[in-house]
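**Student:** Right, I'll just put the structure down here and ask away after.
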Amino acid sequence: MSVAALEALVLHHVLASVRGPNLALAFFDRVQTIIDTAWTMAIGADVQFPETTGPTPPGTGMFAWYLSRLTRKAHNDGELRDALARVASME
């Protein structure tokens, strides 16, 4: 739902600022980062399972390492825990 809400906001801005045949291209160019971030978050945990096949996306190992450390620290830090929850839910 967060991705859809963010995409709707981008669509609003694109519709307000872009005219002509480049409307769709402008929209997809601007939502690429939103989609890529959500996709990376969604598949990042999948590579830990042995059943997962195929190439591992670049940066997945670093992301998993960082998220693991962040999660451990969040157990004892309420402010960090709240921030992590907001990021994970893409608020």
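So you can find residues: chains in the structure tokens are A, B, ... in the order shown, residues in each start at 1, and ligands are numbered from 1 in order.
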Please return, as a VMD selection string, all residues of chain A that DSSP assigns to helix (DSSP H, G or I) on the basis of the backbone.

**Tutor:** chain A and resid 2 to 17 23 to 44 46 to 48 60 to 74 78 to 88

**Student:** Can you pull out every residue within 12 Å of Ala26 in chain A, counting only C-alpha atoms, but drop anything in the same chain fewer than 2 positions away, and send it as a list in words?

**Tutor:**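 Contacts, with the query itself left out: Val10, Leu11, His12, His13, Val14, Leu15, Ala16, Ser17, Val18, Arg19, Gly20, Pro21, Asn22, Leu23, Ala24, Phe28, Asp29, Arg30, Val31 and Gln32 of chain A.
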
**Student:** Got time to write the residues from that selection, N, CA and C atoms, as a short mmCIF file (atom, residue, chain, number, x, y, z; two decimals), in the first residue's frame?

**Tutor:**
data_model
loop_
_atom_site.label_atom_id
_atom_site.label_comp_id
_atom_site.auth_asym_id
_atom_site.auth_seq_id
_atom_site.Cartn_x
_atom_site.Cartn_y
_atom_site.Cartn_z
N VAL A 10 3.40 10.68 -6.91
CA VAL A 10 4.22 10.99 -8.09
C VAL A 10 3.32 11.26 -9.29
N LEU A 11 2.29 10.44 -9.48
CA LEU A 11 1.37 10.63 -10.60
C LEU A 11 0.71 12.01 -10.52
N HIS A 12 0.33 12.41 -9.33
CA HIS A 12 -0.27 13.74 -9.13
C HIS A 12 0.68 14.83 -9.63
N HIS A 13 1.94 14.74 -9.22
CA HIS A 13 2.93 15.75 -9.63
C HIS A 13 3.21 15.71 -11.13
N VAL A 14 3.26 14.51 -11.68
CA VAL A 14 3.50 14.38 -13.12
C VAL A 14 2.33 14.97 -13.91
N LEU A 15 1.11 14.66 -13.50
CA LEU A 15 -0.06 15.18 -14.20
C LEU A 15 -0.12 16.70 -14.12
N ALA A 16 0.39 17.26 -13.03
CA ALA A 16 0.38 18.71 -12.86
C ALA A 16 1.48 19.41 -13.64
N SER A 17 2.54 18.67 -14.01
CA SER A 17 3.68 19.35 -14.60
C SER A 17 4.07 18.90 -16.01
N VAL A 18 3.56 17.77 -16.46
CA VAL A 18 3.99 17.24 -17.76
C VAL A 18 2.80 17.21 -18.72
N ARG A 19 3.03 17.66 -19.92
CA ARG A 19 2.01 17.63 -20.96
C ARG A 19 2.57 16.90 -22.17
N GLY A 20 1.70 16.33 -22.96
CA GLY A 20 2.12 15.73 -24.21
C GLY A 20 2.42 14.25 -24.11
N PRO A 21 3.08 13.74 -25.12
CA PRO A 21 3.27 12.29 -25.24
C PRO A 21 4.28 11.71 -24.26
N ASN A 22 4.99 12.54 -23.52
CA ASN A 22 6.00 12.04 -22.58
C ASN A 22 5.46 11.79 -21.18
N LEU A 23 4.16 11.85 -21.03
CA LEU A 23 3.54 11.71 -19.71
C LEU A 23 3.88 10.36 -19.07
N ALA A 24 3.67 9.27 -19.78
CA ALA A 24 3.92 7.95 -19.22
C ALA A 24 5.40 7.76 -18.91
N PHE A 28 6.99 6.86 -15.22
CA PHE A 28 7.78 5.66 -14.94
C PHE A 28 9.23 5.99 -14.56
N ASP A 29 9.79 7.04 -15.14
CA ASP A 29 11.12 7.47 -14.74
C ASP A 29 11.14 7.90 -13.27
N ARG A 30 10.11 8.58 -12.85
CA ARG A 30 10.07 9.11 -11.48
C ARG A 30 9.71 8.07 -10.43
N VAL A 31 9.00 7.02 -10.81
CA VAL A 31 8.65 5.99 -9.81
C VAL A 31 9.66 4.85 -9.76
N GLN A 32 10.64 4.88 -10.64
CA GLN A 32 11.62 3.79 -10.68
C GLN A 32 12.31 3.59 -9.34
#

**Student:** Could you check how far CA of Ala4 in chain A sits from CA of Ala42 in chain A, in Å to one decimal?

**Tutor:**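 Straight-line distance from CA of Ala4 in chain A to CA of Ala42 in chain A works out to 14.8 Å.
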
**Student:** When you look at Pro57 in chain A with a cut-off of 10 Å (counting only C-alpha atoms), what residues show up, excluding the ones that are within fewer than 6 positions of it in the same chain? I need them as a VMD selection string.

**Tutor:** chain A and resid 40 43 to 44 47

**Student:** Write the residues of the preceding selection, restricted to C-alpha atoms, as a PDB file, in the first residue's frame.

**Tutor:**
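Once written, selection.pdb looks like this:
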ATOM      1  CA  THR A  40      15.015  -4.771  -3.018  1.00  0.00           C
ATOM      2  CA  ILE A  43      13.558  -9.919  -2.168  1.00  0.00           C
ATOM      3  CA  GLY A  44      16.449  -9.128   0.164  1.00  0.00           C
ATOM      4  CA  VAL A  47      18.327 -15.083  -0.622  1.00  0.00           C
TER       5      VAL A  47
END

**Student:** What's the separation between CA of Val3 in chain A and CA of Ile35 in chain A, in Å to one decimal place?

**Tutor:**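 Computed distance, CA of Val3 in chain A to CA of Ile35 in chain A, equals 7.2 Å.
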
**Student:** Skipping near chain neighbours, those fewer than 6 positions away, what residues fall within 9 Å of range 80-89 of chain A using only C-alpha atoms, listed as a ChimeraX atom specification?

**Tutor:** /A:2,41,70-71,73-74

**Student:** Name all residues at most 12 Å from Gln48 in chain A (count only C-alpha atoms; drop same-chain ones fewer than 3 positions away) and give them as a ChimeraX atom specification.

**Tutor:** /A:43-45,51-53,56,60-61,64-65

**Student:** Hey, can you spit out that residue selection with N, CA and C atoms as an mmCIF file, in the first residue's frame?

**Tutor:**
data_model
loop_
_atom_site.group_PDB
_atom_site.id
_atom_site.type_symbol
_atom_site.label_atom_id
_atom_site.label_comp_id
_atom_site.auth_asym_id
_atom_site.auth_seq_id
_atom_site.Cartn_x
_atom_site.Cartn_y
_atom_site.Cartn_z
ATOM 1 N N ILE A 43 12.798 -8.720 -1.808
ATOM 2 C CA ILE A 43 13.558 -9.919 -2.168
ATOM 3 C C ILE A 43 14.827 -10.097 -1.345
ATOM 4 N N GLY A 44 15.213 -9.064 -0.599
ATOM 5 C CA GLY A 44 16.449 -9.128 0.164
ATOM 6 C C GLY A 44 16.507 -10.291 1.133
ATOM 7 N N ALA A 45 15.398 -10.598 1.764
ATOM 8 C CA ALA A 45 15.373 -11.697 2.730
ATOM 9 C C ALA A 45 15.292 -13.060 2.047
ATOM 10 N N GLU A 51 16.397 -22.650 -0.963
ATOM 11 C CA GLU A 51 15.532 -22.916 -2.114
ATOM 12 C C GLU A 51 15.567 -21.788 -3.146
ATOM 13 N N THR A 52 16.078 -20.637 -2.747
ATOM 14 C CA THR A 52 16.148 -19.501 -3.659
ATOM 15 C C THR A 52 17.233 -19.751 -4.695
ATOM 16 N N THR A 53 16.861 -19.628 -5.956
ATOM 17 C CA THR A 53 17.824 -19.857 -7.036
ATOM 18 C C THR A 53 17.995 -18.577 -7.844
ATOM 19 N N THR A 56 22.117 -13.423 -7.145
ATOM 20 C CA THR A 56 21.830 -12.549 -6.007
ATOM 21 C C THR A 56 22.026 -11.104 -6.469
ATOM 22 N N THR A 60 23.012 -7.112 -1.974
ATOM 23 C CA THR A 60 22.135 -7.867 -1.080
ATOM 24 C C THR A 60 22.853 -8.284 0.196
ATOM 25 N N GLY A 61 24.089 -8.739 0.062
ATOM 26 C CA GLY A 61 24.850 -9.161 1.235
ATOM 27 C C GLY A 61 25.081 -8.011 2.199
ATOM 28 N N ALA A 64 21.768 -7.127 3.912
ATOM 29 C CA ALA A 64 21.410 -8.112 4.931
ATOM 30 C C ALA A 64 22.275 -7.937 6.178
ATOM 31 N N TRP A 65 23.567 -7.720 5.993
ATOM 32 C CA TRP A 65 24.476 -7.503 7.122
ATOM 33 C C TRP A 65 24.059 -6.278 7.918
#

**Student:** Can you work out the spacing between CA of Ala38 in chain A and CA of Phe63 in chain A in Å, to one decimal?

**Tutor:** 13.1 Å
